[in-house]
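**Q** Compact mmCIF, C-alpha atoms (C1' of nucleotides), saved as structure_14.txt, coming up:
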```
# COMPACT_ATOMS: atom_id res chain seq x y z
CA MET Z 383 -28.56 5.59 -0.84
CA PRO Z 384 -30.70 8.66 -1.43
CA ALA Z 385 -34.14 8.14 -0.08
CA ILE Z 386 -37.52 9.46 -0.96
CA HIS Z 387 -39.63 7.71 1.62
CA ARG Z 388 -37.21 7.65 4.54
CA GLU Z 389 -38.90 10.51 6.40
CA ARG Z 390 -42.32 9.03 5.85
CA VAL Z 391 -41.16 5.71 7.31
CA LEU Z 392 -39.60 7.45 10.27
CA ARG Z 393 -42.75 9.36 11.13
CA ALA Z 394 -44.87 6.20 10.84
CA ALA Z 395 -42.42 4.25 12.97
CA THR Z 396 -42.50 6.96 15.62
CA SER Z 397 -46.24 6.87 15.97
CA SER Z 398 -46.35 3.09 15.82
CA PHE Z 399 -43.67 2.66 18.48
CA LEU Z 400 -45.29 5.29 20.68
CA ALA Z 401 -48.63 3.54 20.40
CA ARG Z 402 -47.51 -0.04 20.93
CA GLY Z 403 -43.92 0.00 22.11
CA TYR Z 404 -41.04 -1.85 20.52
CA GLY Z 405 -43.40 -4.77 19.97
CA SER Z 406 -45.25 -3.03 17.16
CA SER Z 407 -44.64 -4.84 13.90
CA VAL Z 408 -42.73 -3.74 10.86
CA ASP Z 409 -45.81 -4.64 8.84
CA ASP Z 410 -47.80 -2.15 10.89
CA ILE Z 411 -45.16 0.54 10.38
CA ALA Z 412 -45.12 -0.04 6.61
CA ARG Z 413 -48.89 0.08 6.50
CA ARG Z 414 -49.00 3.37 8.45
CA ALA Z 415 -46.35 4.81 6.16
CA GLY Z 416 -48.34 3.71 3.10
CA VAL Z 417 -45.23 1.95 1.89
CA ALA Z 418 -44.10 -1.58 1.12
CA LYS Z 419 -42.34 -3.51 3.84
CA GLN Z 420 -39.31 -3.87 1.60
CA THR Z 421 -38.99 -0.08 1.45
CA VAL Z 422 -38.59 0.01 5.22
CA TYR Z 423 -35.68 -2.41 4.90
CA GLN Z 424 -34.18 -0.34 2.11
CA HIS Z 425 -33.66 2.51 4.58
CA PHE Z 426 -33.00 0.69 7.82
CA ALA Z 427 -30.96 -2.48 8.17
CA ASN Z 428 -33.36 -3.99 10.68
CA LYS Z 429 -35.97 -3.18 13.28
CA ASP Z 430 -33.38 -2.27 15.91
CA ALA Z 431 -31.79 0.33 13.64
CA LEU Z 432 -35.20 1.83 12.99
CA PHE Z 433 -35.97 1.94 16.69
CA LYS Z 434 -32.69 3.68 17.47
CA ALA Z 435 -33.40 6.31 14.84
CA VAL Z 436 -36.84 6.95 16.31
CA ALA Z 437 -35.49 7.06 19.86
CA GLY Z 438 -32.86 9.61 18.92
CA ASP Z 439 -35.51 11.87 17.44
CA LEU Z 440 -37.85 11.55 20.39
CA ALA Z 441 -35.25 12.52 22.96
CA LYS Z 442 -34.83 16.03 21.63
CA ARG Z 443 -38.48 16.95 21.88
CA VAL Z 444 -38.23 17.88 25.57
CA LEU Z 445 -35.85 20.78 25.08
CA ILE Z 446 -37.01 24.22 26.17
CA LYS Z 447 -35.45 27.66 26.26
CA LEU Z 448 -35.21 29.68 29.44
CA GLU Z 449 -36.24 33.24 28.83
CA GLY Z 450 -35.19 36.46 30.51
CA GLY Z 451 -37.18 38.81 32.75
CA ASP Z 452 -38.19 38.33 36.36
CA THR Z 453 -36.58 35.22 37.82
CA ARG Z 454 -39.68 33.80 39.46
CA GLN Z 455 -41.80 34.40 36.36
CA SER Z 456 -39.15 32.86 34.11
CA LEU Z 457 -38.98 29.77 36.26
CA ILE Z 458 -42.74 29.41 36.34
CA ARG Z 459 -43.00 29.73 32.58
CA PHE Z 460 -40.23 27.19 32.29
CA GLY Z 461 -41.97 24.87 34.77
CA VAL Z 462 -45.27 24.98 32.95
CA GLU Z 463 -43.60 24.26 29.64
CA TYR Z 464 -41.41 21.49 31.01
CA ARG Z 465 -44.36 19.79 32.64
CA LYS Z 466 -46.32 20.05 29.41
CA ARG Z 467 -43.61 18.11 27.57
CA ALA Z 468 -42.69 15.68 30.31
CA LEU Z 469 -46.18 14.89 31.58
CA GLY Z 470 -48.21 15.29 28.40
CA ALA Z 471 -49.59 12.32 26.51
CA GLN Z 472 -46.65 12.18 24.15
CA GLY Z 473 -44.02 12.52 26.85
CA ILE Z 474 -45.57 9.70 28.83
CA ALA Z 475 -45.91 7.50 25.74
CA THR Z 476 -42.27 8.15 24.93
CA PHE Z 477 -41.35 7.06 28.41
CA ARG Z 478 -43.36 3.88 28.16
CA THR Z 479 -41.78 3.05 24.84
CA LEU Z 480 -38.16 3.72 25.75
CA VAL Z 481 -37.77 2.64 29.36
CA PRO Z 482 -38.22 -1.10 28.91
CA GLU Z 483 -35.80 -1.22 25.97
CA VAL Z 484 -32.94 0.60 27.68
CA PRO Z 485 -31.11 -2.59 28.69
CA ARG Z 486 -30.81 -3.57 25.02
CA PHE Z 487 -29.67 -0.09 23.93
CA ARG Z 488 -27.60 1.21 26.83
CA ALA Z 489 -25.35 3.50 24.83
CA VAL Z 490 -28.21 5.04 22.89
CA ALA Z 491 -30.16 5.49 26.11
CA ARG Z 492 -27.34 7.40 27.77
CA ASP Z 493 -27.10 9.66 24.77
CA MET Z 494 -30.81 10.27 24.89
CA TYR Z 495 -30.62 11.26 28.53
CA ALA Z 496 -27.71 13.58 27.80
CA ASN Z 497 -29.61 15.22 24.93
CA SER Z 498 -32.84 15.73 26.87
CA ALA Z 499 -32.90 15.87 30.67
CA GLY Z 500 -29.13 16.23 30.90
CA GLU Z 501 -29.19 19.22 28.55
CA MET Z 502 -32.06 20.77 30.54
CA VAL Z 503 -29.99 20.43 33.71
CA ARG Z 504 -27.11 22.25 32.06
CA ARG Z 505 -29.25 25.15 30.82
CA LEU Z 506 -31.11 25.46 34.08
CA ALA Z 507 -27.89 25.31 36.11
CA GLU Z 508 -26.45 28.14 34.06
CA PHE Z 509 -29.56 30.21 34.66
CA LEU Z 510 -29.57 29.53 38.41
CA LYS Z 511 -25.88 30.30 38.73
CA VAL Z 512 -26.43 33.76 37.30
CA ARG Z 513 -29.77 34.53 38.90
CA LEU Z 514 -29.53 32.97 42.34
CA GLU Z 515 -25.79 32.66 42.90
CA VAL Z 516 -26.40 29.16 44.13
CA PRO Z 517 -23.38 27.27 45.53
CA ASP Z 518 -24.01 24.08 43.50
CA PRO Z 519 -26.07 25.04 40.45
CA GLU Z 520 -26.18 21.57 38.98
CA PHE Z 521 -27.58 20.08 42.16
CA SER Z 522 -30.17 22.83 42.39
CA ALA Z 523 -31.15 22.35 38.77
CA GLU Z 524 -31.63 18.64 39.33
CA MET Z 525 -33.77 19.34 42.35
CA LEU Z 526 -36.01 21.75 40.47
CA LEU Z 527 -36.53 19.28 37.65
CA SER Z 528 -37.28 16.58 40.22
CA LEU Z 529 -39.89 18.76 41.87
CA LEU Z 530 -41.50 19.60 38.55
CA ALA Z 531 -41.75 16.04 37.23
CA GLY Z 532 -41.15 13.59 40.07
CA LEU Z 533 -44.19 12.04 41.66
CA ASP Z 534 -46.48 13.67 39.13
CA ARG Z 535 -44.81 11.69 36.37
CA MET Z 536 -45.28 8.53 38.43
CA LYS Z 537 -48.96 9.32 38.73
CA ARG Z 538 -49.33 9.73 34.98
CA LEU Z 539 -47.35 6.56 34.34
CA PHE Z 540 -49.62 4.60 36.67
CA ALA Z 541 -52.82 6.01 35.24
CA VAL Z 542 -53.69 7.96 38.39
CA PRO Z 543 -56.07 10.82 37.54
CA PRO Z 544 -54.55 14.26 38.23
CA GLY Z 545 -55.81 16.51 41.01
CA PRO Z 546 -57.96 19.61 40.49
CA GLU Z 547 -55.10 22.15 40.66
CA THR Z 548 -54.35 23.95 37.39
CA GLU Z 549 -51.00 23.41 35.79
CA ALA Z 550 -50.04 27.05 36.20
CA ALA Z 551 -50.91 27.00 39.91
CA ARG Z 552 -48.97 23.85 40.55
CA ALA Z 553 -45.90 25.07 38.69
CA ALA Z 554 -46.01 28.33 40.66
CA ARG Z 555 -46.30 26.50 43.97
CA ILE Z 556 -43.35 24.29 43.11
CA VAL Z 557 -41.21 27.20 42.00
CA ASP Z 558 -42.04 29.09 45.19
CA LEU Z 559 -41.04 26.11 47.30
CA PHE Z 560 -37.81 25.88 45.33
CA LEU Z 561 -37.07 29.59 45.72
CA LYS Z 562 -37.76 29.50 49.45
CA ALA Z 563 -35.20 26.70 49.79
CA HIS Z 564 -32.64 28.97 48.09
CA GLN Z 565 -33.11 32.18 50.06
CA ARG Z 566 -29.96 33.39 51.74
CA MET X 262 -58.32 -25.38 44.58
CA PRO X 263 -55.62 -26.05 47.16
CA ALA X 264 -52.24 -25.52 45.70
CA ILE X 265 -48.85 -26.87 46.46
CA HIS X 266 -46.77 -25.18 43.82
CA ARG X 267 -48.58 -21.86 43.57
CA GLU X 268 -46.00 -19.94 45.56
CA ARG X 269 -43.16 -21.48 43.64
CA VAL X 270 -44.76 -20.42 40.36
CA LEU X 271 -45.33 -16.92 41.64
CA ARG X 272 -41.74 -16.45 42.67
CA ALA X 273 -40.48 -17.78 39.35
CA ALA X 274 -42.88 -15.56 37.46
CA THR X 275 -41.71 -12.55 39.45
CA SER X 276 -38.08 -13.06 38.60
CA SER X 277 -38.86 -13.91 34.99
CA PHE X 278 -41.03 -10.83 34.47
CA LEU X 279 -38.48 -8.62 36.22
CA ALA X 280 -35.75 -9.96 33.98
CA ARG X 281 -37.52 -9.82 30.62
CA GLY X 282 -40.73 -7.88 31.07
CA TYR X 283 -44.19 -9.09 30.17
CA GLY X 284 -42.69 -10.65 27.06
CA SER X 285 -41.03 -13.45 29.01
CA SER X 286 -42.62 -16.75 28.09
CA VAL X 287 -44.77 -19.03 30.19
CA ASP X 288 -42.39 -21.84 29.22
CA ASP X 289 -39.56 -19.88 30.79
CA ILE X 290 -41.55 -19.30 33.95
CA ALA X 291 -42.41 -22.99 34.24
CA ARG X 292 -38.79 -23.92 33.69
CA ARG X 293 -37.59 -21.48 36.37
CA ALA X 294 -40.18 -22.85 38.77
CA GLY X 295 -39.11 -26.41 38.02
CA VAL X 296 -42.71 -27.16 37.18
CA ALA X 297 -44.73 -28.30 34.18
CA LYS X 298 -46.37 -25.65 32.05
CA GLN X 299 -49.74 -27.18 32.78
CA THR X 300 -49.21 -26.58 36.49
CA VAL X 301 -48.90 -22.87 35.83
CA TYR X 302 -52.28 -22.95 34.12
CA GLN X 303 -53.77 -24.91 37.01
CA HIS X 304 -53.16 -21.95 39.29
CA PHE X 305 -53.63 -19.01 36.94
CA ALA X 306 -56.23 -18.77 34.21
CA ASN X 307 -53.81 -17.18 31.75
CA LYS X 308 -50.67 -15.13 31.45
CA ASP X 309 -52.46 -11.87 32.23
CA ALA X 310 -53.79 -13.21 35.52
CA LEU X 311 -50.32 -14.34 36.46
CA PHE X 312 -48.90 -10.95 35.59
CA LYS X 313 -51.49 -9.17 37.69
CA ALA X 314 -50.69 -11.36 40.68
CA VAL X 315 -47.00 -10.62 40.32
CA ALA X 316 -47.62 -6.90 39.89
CA GLY X 317 -49.73 -6.76 43.04
CA ASP X 318 -46.94 -8.36 45.04
CA LEU X 319 -44.24 -6.11 43.65
CA ALA X 320 -46.05 -2.89 44.49
CA LYS X 321 -45.90 -3.44 48.22
CA ARG X 322 -42.15 -3.87 48.37
CA VAL X 323 -41.52 -0.12 48.50
CA LEU X 324 -43.24 0.44 51.84
CA ILE X 325 -41.15 1.83 54.69
CA LYS X 326 -41.88 2.89 58.25
CA LEU X 327 -41.06 6.35 59.52
CA GLU X 328 -39.39 6.15 62.87
CA GLY X 329 -39.36 8.55 65.81
CA GLY X 330 -36.50 10.65 67.17
CA ASP X 331 -34.98 13.81 65.74
CA THR X 332 -36.97 15.03 62.73
CA ARG X 333 -34.02 15.65 60.44
CA GLN X 334 -32.42 12.33 61.30
CA SER X 335 -35.72 10.48 60.81
CA LEU X 336 -36.19 12.04 57.40
CA ILE X 337 -32.65 11.21 56.35
CA ARG X 338 -33.01 7.59 57.43
CA PHE X 339 -36.29 7.50 55.55
CA GLY X 340 -34.70 9.07 52.50
CA VAL X 341 -31.85 6.61 52.39
CA GLU X 342 -34.20 3.68 52.72
CA TYR X 343 -36.67 4.99 50.17
CA ARG X 344 -33.93 5.59 47.63
CA LYS X 345 -32.59 2.11 48.24
CA ARG X 346 -35.94 0.62 47.29
CA ALA X 347 -36.88 3.01 44.52
CA LEU X 348 -33.49 3.31 42.85
CA GLY X 349 -32.02 -0.13 43.56
CA ALA X 350 -31.73 -2.76 40.87
CA GLN X 351 -35.00 -4.40 41.81
CA GLY X 352 -36.95 -1.16 42.02
CA ILE X 353 -35.73 -0.11 38.59
CA ALA X 354 -36.48 -3.54 37.10
CA THR X 355 -39.97 -3.37 38.57
CA PHE X 356 -40.45 -0.04 36.91
CA ARG X 357 -39.27 -1.27 33.55
CA THR X 358 -41.60 -4.24 33.79
CA LEU X 359 -44.74 -2.44 34.89
CA VAL X 360 -44.70 0.90 33.12
CA PRO X 361 -45.19 -0.30 29.55
CA GLU X 362 -48.07 -2.59 30.53
CA VAL X 363 -50.09 0.01 32.41
CA PRO X 364 -52.37 0.84 29.47
CA ARG X 365 -53.52 -2.79 29.40
CA PHE X 366 -54.05 -2.96 33.19
CA ARG X 367 -55.21 0.50 34.17
CA ALA X 368 -57.22 -0.49 37.24
CA VAL X 369 -54.46 -2.73 38.62
CA ALA X 370 -51.93 0.01 37.97
CA ARG X 371 -53.91 2.58 39.93
CA ASP X 372 -54.17 0.16 42.84
CA MET X 373 -50.47 -0.45 42.71
CA TYR X 374 -49.77 3.25 42.89
CA ALA X 375 -52.15 3.62 45.82
CA ASN X 376 -50.49 0.73 47.66
CA SER X 377 -46.94 1.95 47.13
CA ALA X 378 -46.15 5.58 46.41
CA GLY X 379 -49.63 6.72 47.41
CA GLU X 380 -49.34 5.00 50.77
CA MET X 381 -45.89 6.51 51.29
CA VAL X 382 -47.34 9.96 50.64
CA ARG X 383 -50.00 9.36 53.28
CA ARG X 384 -47.54 8.21 55.93
CA LEU X 385 -45.10 10.96 55.18
CA ALA X 386 -47.83 13.60 55.18
CA GLU X 387 -48.96 12.45 58.62
CA PHE X 388 -45.40 12.70 59.89
CA LEU X 389 -44.86 16.17 58.42
CA LYS X 390 -48.15 17.44 59.75
CA VAL X 391 -47.14 16.56 63.30
CA ARG X 392 -43.46 17.47 63.09
CA LEU X 393 -43.40 20.54 60.89
CA GLU X 394 -46.97 21.85 61.12
CA VAL X 395 -46.92 22.27 57.39
CA PRO X 396 -49.97 23.96 55.80
CA ASP X 397 -50.46 21.32 53.09
CA PRO X 398 -48.83 18.11 54.32
CA GLU X 399 -49.76 16.08 51.29
CA PHE X 400 -48.19 18.54 48.90
CA SER X 401 -45.05 18.66 51.01
CA ALA X 402 -44.89 14.88 51.17
CA GLU X 403 -45.16 14.66 47.40
CA MET X 404 -42.41 17.20 47.01
CA LEU X 405 -40.06 15.32 49.33
CA LEU X 406 -40.62 12.06 47.48
CA SER X 407 -40.06 13.88 44.20
CA LEU X 408 -36.76 15.26 45.44
CA LEU X 409 -35.64 11.86 46.68
CA ALA X 410 -36.43 9.92 43.52
CA GLY X 411 -37.05 12.32 40.67
CA LEU X 412 -34.20 12.91 38.26
CA ASP X 413 -32.10 10.26 39.95
CA ARG X 414 -34.65 7.64 38.96
CA MET X 415 -34.54 8.94 35.40
CA LYS X 416 -30.78 8.54 35.41
CA ARG X 417 -31.01 4.94 36.57
CA LEU X 418 -33.74 4.22 34.04
CA PHE X 419 -31.59 5.58 31.23
CA ALA X 420 -28.46 3.74 32.34
CA VAL X 421 -26.62 6.92 33.32
CA PRO X 422 -23.87 6.07 35.82
CA PRO X 423 -24.41 7.71 39.24
CA GLY X 424 -22.16 10.49 40.56
CA PRO X 425 -19.52 10.06 43.26
CA GLU X 426 -21.66 11.30 46.18
CA THR X 427 -22.56 8.65 48.77
CA GLU X 428 -26.20 7.77 49.20
CA ALA X 429 -26.22 9.02 52.78
CA ALA X 430 -24.72 12.36 51.78
CA ARG X 431 -27.16 12.86 48.95
CA ALA X 432 -30.17 11.98 51.10
CA ALA X 433 -28.98 14.42 53.76
CA ARG X 434 -28.49 17.19 51.23
CA ILE X 435 -31.97 16.64 49.84
CA VAL X 436 -33.58 16.58 53.27
CA ASP X 437 -31.77 19.77 54.22
CA LEU X 438 -33.01 21.50 51.09
CA PHE X 439 -36.53 20.31 51.88
CA LEU X 440 -36.33 21.50 55.49
CA LYS X 441 -35.01 24.89 54.45
CA ALA X 442 -38.02 25.32 52.20
CA HIS X 443 -40.27 24.66 55.20
CA GLN X 444 -38.73 27.01 57.74
CA ARG X 445 -41.13 29.55 59.09
C1' DC U 932 -56.43 -51.65 47.39
C1' DC U 933 -58.60 -47.90 45.03
C1' DT U 934 -59.51 -43.40 43.75
C1' DC U 935 -58.91 -38.58 43.46
C1' DT U 936 -55.99 -34.64 43.18
C1' DG U 937 -52.09 -32.37 41.87
C1' DC U 938 -48.75 -33.06 39.25
C1' DT U 939 -45.40 -34.48 34.93
C1' DA U 940 -43.61 -34.71 29.98
C1' DG U 941 -44.16 -33.33 25.83
C1' DA U 942 -46.73 -33.07 21.53
C1' DC U 943 -49.73 -30.01 19.06
C1' DT U 944 -52.47 -25.84 17.08
C1' DG U 945 -52.86 -21.43 15.53
C1' DA U 946 -51.19 -17.02 15.56
C1' DT U 947 -47.74 -13.43 15.04
C1' DC U 948 -43.67 -11.69 13.34
C1' DA U 949 -38.72 -10.46 11.45
C1' DG U 950 -36.55 -10.78 7.61
C1' DT U 951 -36.01 -12.63 2.63
C1' DC U 952 -37.25 -13.30 -1.99
C1' DT U 953 -39.49 -12.89 -6.55
C1' DA U 954 -41.29 -10.51 -10.06
C1' DG U 955 -42.50 -6.83 -11.38
C1' DT U 956 -43.67 -1.10 -12.00
C1' DT U 957 -42.40 3.84 -12.29
C1' DC U 958 -39.64 7.51 -13.45
C1' DG U 959 -35.82 10.45 -14.20
C1' DA U 960 -31.36 10.98 -16.28
C1' DA U 961 -28.09 9.91 -19.87
C1' DT J 736 -34.70 4.48 -25.77
C1' DT J 737 -32.30 2.37 -22.41
C1' DC J 738 -30.71 1.90 -17.85
C1' DG J 739 -30.87 1.87 -13.05
C1' DA J 740 -32.55 3.28 -8.61
C1' DA J 741 -36.45 3.40 -5.73
C1' DC J 742 -40.34 1.54 -5.22
C1' DT J 743 -44.63 -2.08 -5.12
C1' DA J 744 -47.42 -6.45 -3.85
C1' DG J 745 -47.34 -10.33 -1.76
C1' DA J 746 -45.64 -14.99 -0.97
C1' DC J 747 -42.52 -17.47 1.95
C1' DT J 748 -39.32 -19.27 5.86
C1' DG J 749 -38.24 -20.06 10.36
C1' DA J 750 -38.84 -18.85 14.89
C1' DT J 751 -41.41 -17.93 19.05
C1' DC J 752 -45.22 -18.30 21.85
C1' DA J 753 -50.02 -18.78 24.40
C1' DG J 754 -52.85 -22.05 25.34
C1' DT J 755 -54.73 -27.01 24.82
C1' DC J 756 -54.52 -31.82 24.96
C1' DT J 757 -53.18 -36.56 25.94
C1' DA J 758 -51.47 -39.98 28.72
C1' DG J 759 -49.71 -41.16 32.62
C1' DC J 760 -47.35 -40.89 37.52
C1' DA J 761 -47.19 -40.28 42.89
C1' DG J 762 -49.06 -40.29 47.11
C1' DA J 763 -52.57 -39.48 50.64
C1' DG J 764 -57.35 -40.58 52.54
C1' DG J 765 -60.81 -43.76 52.77
```
Let me see the file written as structure tokens.

**A**
Amino acid sequence: MPAIHRERVLRAATSSFLARGYGSSVDDIARRAGVAKQTVYQHFANKDALFKAVAGDLAKRVLIKLEGGDTRQSLIRFGVEYRKRALGAQGIATFRTLVPEVPRFRAVARDMYANSAGEMVRRLAEFLKVRLEVPDPEFSAEMLLSLLAGLDRMKRLFAVPPGPETEAARAARIVDLFLKAHQR
Amino acid sequence: MPAIHRERVLRAATSSFLARGYGSSVDDIARRAGVAKQTVYQHFANKDALFKAVAGDLAKRVLIKLEGGDTRQSLIRFGVEYRKRALGAQGIATFRTLVPEVPRFRAVARDMYANSAGEMVRRLAEFLKVRLEVPDPEFSAEMLLSLLAGLDRMKRLFAVPPGPETEAARAARIVDLFLKAHQR
DNA sequence: CCTCTGCTAGACTGATCAGTCTAGTTCGAA
DNA sequence: TTCGAACTAGACTGATCAGTCTAGCAGAGG
């Protein structure tokens, strides 16, 4: 089943689901895509299948590369970028859309975690193992990600306005705390 | 408007919302409460009002006291308890229920944050100020809470099975990392 | 005994929505 | 030119649900 409008439907579904959660209607998605409702069903068996396709796409948008150079500077750059994805409007909307539906899509949800945060842990652990010779790199990686997007994500999720600190300053402070905890 | 069955309705609504999110029906809530639908509407103007009442109650269930004694031991006890509330089945269900509805209840959501995580930050900051003479107690408190329930909450939310480490061991490890970062 | 309040059962309205169906149109390839 | 695949508009079915309405019951205070 070759498909001309599949991509168009997928993009529309993504923005519709992000805006209104799983509850957004197939009619709305078709309208946004500028496509007949029937066309949606030509490409996806049902709403659940469409949602899974969207969710799979969304998961991969968090991924970031860790670059070389000075360790502290690399981690700060990484921190700023990670926070931008995880705490930005789209990251938060993704969260709101996916989290409540996890119980109905457990397997997909686990895959999504593995492809996003899980993959970040792996990359970061590798970096820390080489740079800091940490005894348990995976644990340390998880702790750094927790510091970068723990309570701050909660604040965004609960509509709490952010403090005055710049993103760069906050990332630097967090990285410094993390590095201090890993001094010999 | 004195009210015999108000409490009963509220409890039923809590478990219904936790189980199926805001989408659970008023009929279901009435059935769980063993009460006529009309009775629900005698106590709450509409579904939104009922949801807000439930949400307000749920928020306060995270609160924990910090006890005296050895600093490290106090923090570990606190950590274990906090993780139990934040990462336990009910804490996760609460999260799933509230997070997607925040955009429709921004003011309530902010209050809920202030009464739960926000209040924990205040108490913890006070404790750290006295015990560790930390320069920015609020920042440190936020970082400890992030370490305790950052990525691990994500894992629970995305149905990732937890590792083999016991809760006590993990809390201790996290507290030790936190304390190391705050040595003079 | 009477009345008022909180309650009950359950029918009903109007809206939304997933998914189906009909009856076509468009266009490229054979 | 004919065929078929991908598409269109829009009507339709059946289900769910918030919220209203009717009619009536139970029991406590006066």

**Q** Can you build me a table of chain U residues sitting at most 8 Å from chain X, with the closest atom pair per residue and its distance in Å to one decimal, using all atoms listed in the file, sorted by chain and residue number, as JSON lines?

**A**
```
{"residue": "U:DG937", "atom": "C1'", "partner": "X:Ala264", "partner_atom": "CA", "distance": 7.8}
{"residue": "U:DC938", "atom": "C1'", "partner": "X:Thr300", "partner_atom": "CA", "distance": 7.1}
{"residue": "U:DT939", "atom": "C1'", "partner": "X:Ala297", "partner_atom": "CA", "distance": 6.3}
{"residue": "U:DA940", "atom": "C1'", "partner": "X:Ala297", "partner_atom": "CA", "distance": 7.7}
```

**Q** Quick one, how far is atom CA of X:Thr275 from atom CA of X:Ile290?

**A** 8.7 Å

**Q** Once you count all atoms listed in the file, what closest atom pair and distance in Å to one decimal does each residue of chain Z within 8 Å of chain X have, with rows by chain and rising residue number, as a tab-separated table?

**A**
```
residue	atom	partner	partner_atom	distance
Z:Gly403	CA	X:Pro361	CA	7.6
Z:Arg478	CA	X:Pro361	CA	4.8
Z:Thr479	CA	X:Pro361	CA	6.7
Z:Val481	CA	X:Arg357	CA	5.9
Z:Pro482	CA	X:Arg357	CA	4.8
Z:Val484	CA	X:Phe419	CA	6.3
Z:Pro485	CA	X:Ala420	CA	7.8
Z:Arg488	CA	X:Ala420	CA	6.1
Z:Ala491	CA	X:Phe419	CA	5.3
Z:Arg492	CA	X:Val421	CA	5.6
Z:Met494	CA	X:Phe419	CA	7.9
Z:Tyr495	CA	X:Phe419	CA	6.4
Z:Glu524	CA	X:Leu412	CA	6.4
Z:Met525	CA	X:Leu408	CA	5.9
Z:Leu527	CA	X:Leu412	CA	6.8
Z:Ser528	CA	X:Gly411	CA	4.3
Z:Leu529	CA	X:Ser407	CA	5.4
Z:Ala531	CA	X:Gly411	CA	6.9
Z:Gly532	CA	X:Ser407	CA	4.3
Z:Leu533	CA	X:Ser407	CA	5.2
Z:Lys537	CA	X:Tyr374	CA	7.4
Z:Leu539	CA	X:Val360	CA	6.4
Z:Phe540	CA	X:Ala370	CA	5.3
Z:Ala541	CA	X:Arg371	CA	5.9
Z:Val542	CA	X:Arg371	CA	5.6
Z:Leu559	CA	X:Ala442	CA	5.8
Z:Phe560	CA	X:Ala442	CA	6.9
Z:Leu561	CA	X:Ala442	CA	7.8
Z:Lys562	CA	X:Ala442	CA	5.0
Z:Ala563	CA	X:Ala442	CA	4.0
Z:His564	CA	X:Ala442	CA	7.7
```

**Q** I'd like the interatomic distance between atom CA of Z:Arg390 and atom CA of Z:Ala415, to a tenth of an Å.

**A**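 Those two atoms sit 5.8 Å apart.
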
**Q** Residues proximal to (-50.0, -12.5, 16.5) were defined as those with any atom within 12 Å of that point in the file's coordinates, counting only C-alpha atoms (C1' of nucleotides). Which are they, as a list in words?

**A** Gly405, Ser406, Ser407, Asp409 and Asp410 of chain Z; DG945, DA946, DT947 and DC948 of chain U; DT751, DC752 and DA753 of chain J

**Q** Which residues come within 12 Å of J:DC738, counting all atoms listed in the file, excluding same-chain residues fewer than 4 positions away, as an mmCIF file with C-alpha atoms (C1' of nucleotides), in the coordinates of the input?

**A**
```
data_model
loop_
_atom_site.group_PDB
_atom_site.id
_atom_site.type_symbol
_atom_site.label_atom_id
_atom_site.label_comp_id
_atom_site.auth_asym_id
_atom_site.auth_seq_id
_atom_site.Cartn_x
_atom_site.Cartn_y
_atom_site.Cartn_z
ATOM 1 C "C1'" DC U 958 -39.640 7.510 -13.450
ATOM 2 C "C1'" DG U 959 -35.820 10.450 -14.200
ATOM 3 C "C1'" DA U 960 -31.360 10.980 -16.280
ATOM 4 C "C1'" DA U 961 -28.090 9.910 -19.870
#
```

**Q** Keeping N, CA and C atoms (and nothing else), can you write stretch 556-565 of chain Z of this structure as a PDB file, in the first residue's frame?

**A**
```
ATOM      1  N   ILE Z 556      24.493  22.970  37.910  1.00  0.00           N
ATOM      2  CA  ILE Z 556      24.173  21.559  38.094  1.00  0.00           C
ATOM      3  C   ILE Z 556      25.373  20.688  37.754  1.00  0.00           C
ATOM      4  N   VAL Z 557      26.015  21.015  36.644  1.00  0.00           N
ATOM      5  CA  VAL Z 557      27.190  20.232  36.243  1.00  0.00           C
ATOM      6  C   VAL Z 557      28.282  20.357  37.302  1.00  0.00           C
ATOM      7  N   ASP Z 558      28.469  21.532  37.846  1.00  0.00           N
ATOM      8  CA  ASP Z 558      29.501  21.713  38.865  1.00  0.00           C
ATOM      9  C   ASP Z 558      29.190  20.886  40.110  1.00  0.00           C
ATOM     10  N   LEU Z 559      27.910  20.873  40.503  1.00  0.00           N
ATOM     11  CA  LEU Z 559      27.532  20.046  41.647  1.00  0.00           C
ATOM     12  C   LEU Z 559      27.830  18.578  41.341  1.00  0.00           C
ATOM     13  N   PHE Z 560      27.489  18.165  40.133  1.00  0.00           N
ATOM     14  CA  PHE Z 560      27.722  16.780  39.734  1.00  0.00           C
ATOM     15  C   PHE Z 560      29.213  16.444  39.753  1.00  0.00           C
ATOM     16  N   LEU Z 561      30.021  17.356  39.217  1.00  0.00           N
ATOM     17  CA  LEU Z 561      31.468  17.095  39.158  1.00  0.00           C
ATOM     18  C   LEU Z 561      32.070  17.045  40.557  1.00  0.00           C
ATOM     19  N   LYS Z 562      31.597  17.931  41.426  1.00  0.00           N
ATOM     20  CA  LYS Z 562      32.122  17.928  42.797  1.00  0.00           C
ATOM     21  C   LYS Z 562      31.849  16.586  43.460  1.00  0.00           C
ATOM     22  N   ALA Z 563      30.671  16.010  43.192  1.00  0.00           N
ATOM     23  CA  ALA Z 563      30.317  14.720  43.789  1.00  0.00           C
ATOM     24  C   ALA Z 563      31.189  13.594  43.243  1.00  0.00           C
ATOM     25  N   HIS Z 564      31.899  13.855  42.122  1.00  0.00           N
ATOM     26  CA  HIS Z 564      32.701  12.789  41.519  1.00  0.00           C
ATOM     27  C   HIS Z 564      34.193  13.054  41.606  1.00  0.00           C
ATOM     28  N   GLN Z 565      34.604  14.034  42.395  1.00  0.00           N
ATOM     29  CA  GLN Z 565      36.042  14.218  42.626  1.00  0.00           C
ATOM     30  C   GLN Z 565      36.586  13.005  43.369  1.00  0.00           C
TER      31      GLN Z 565
END
```
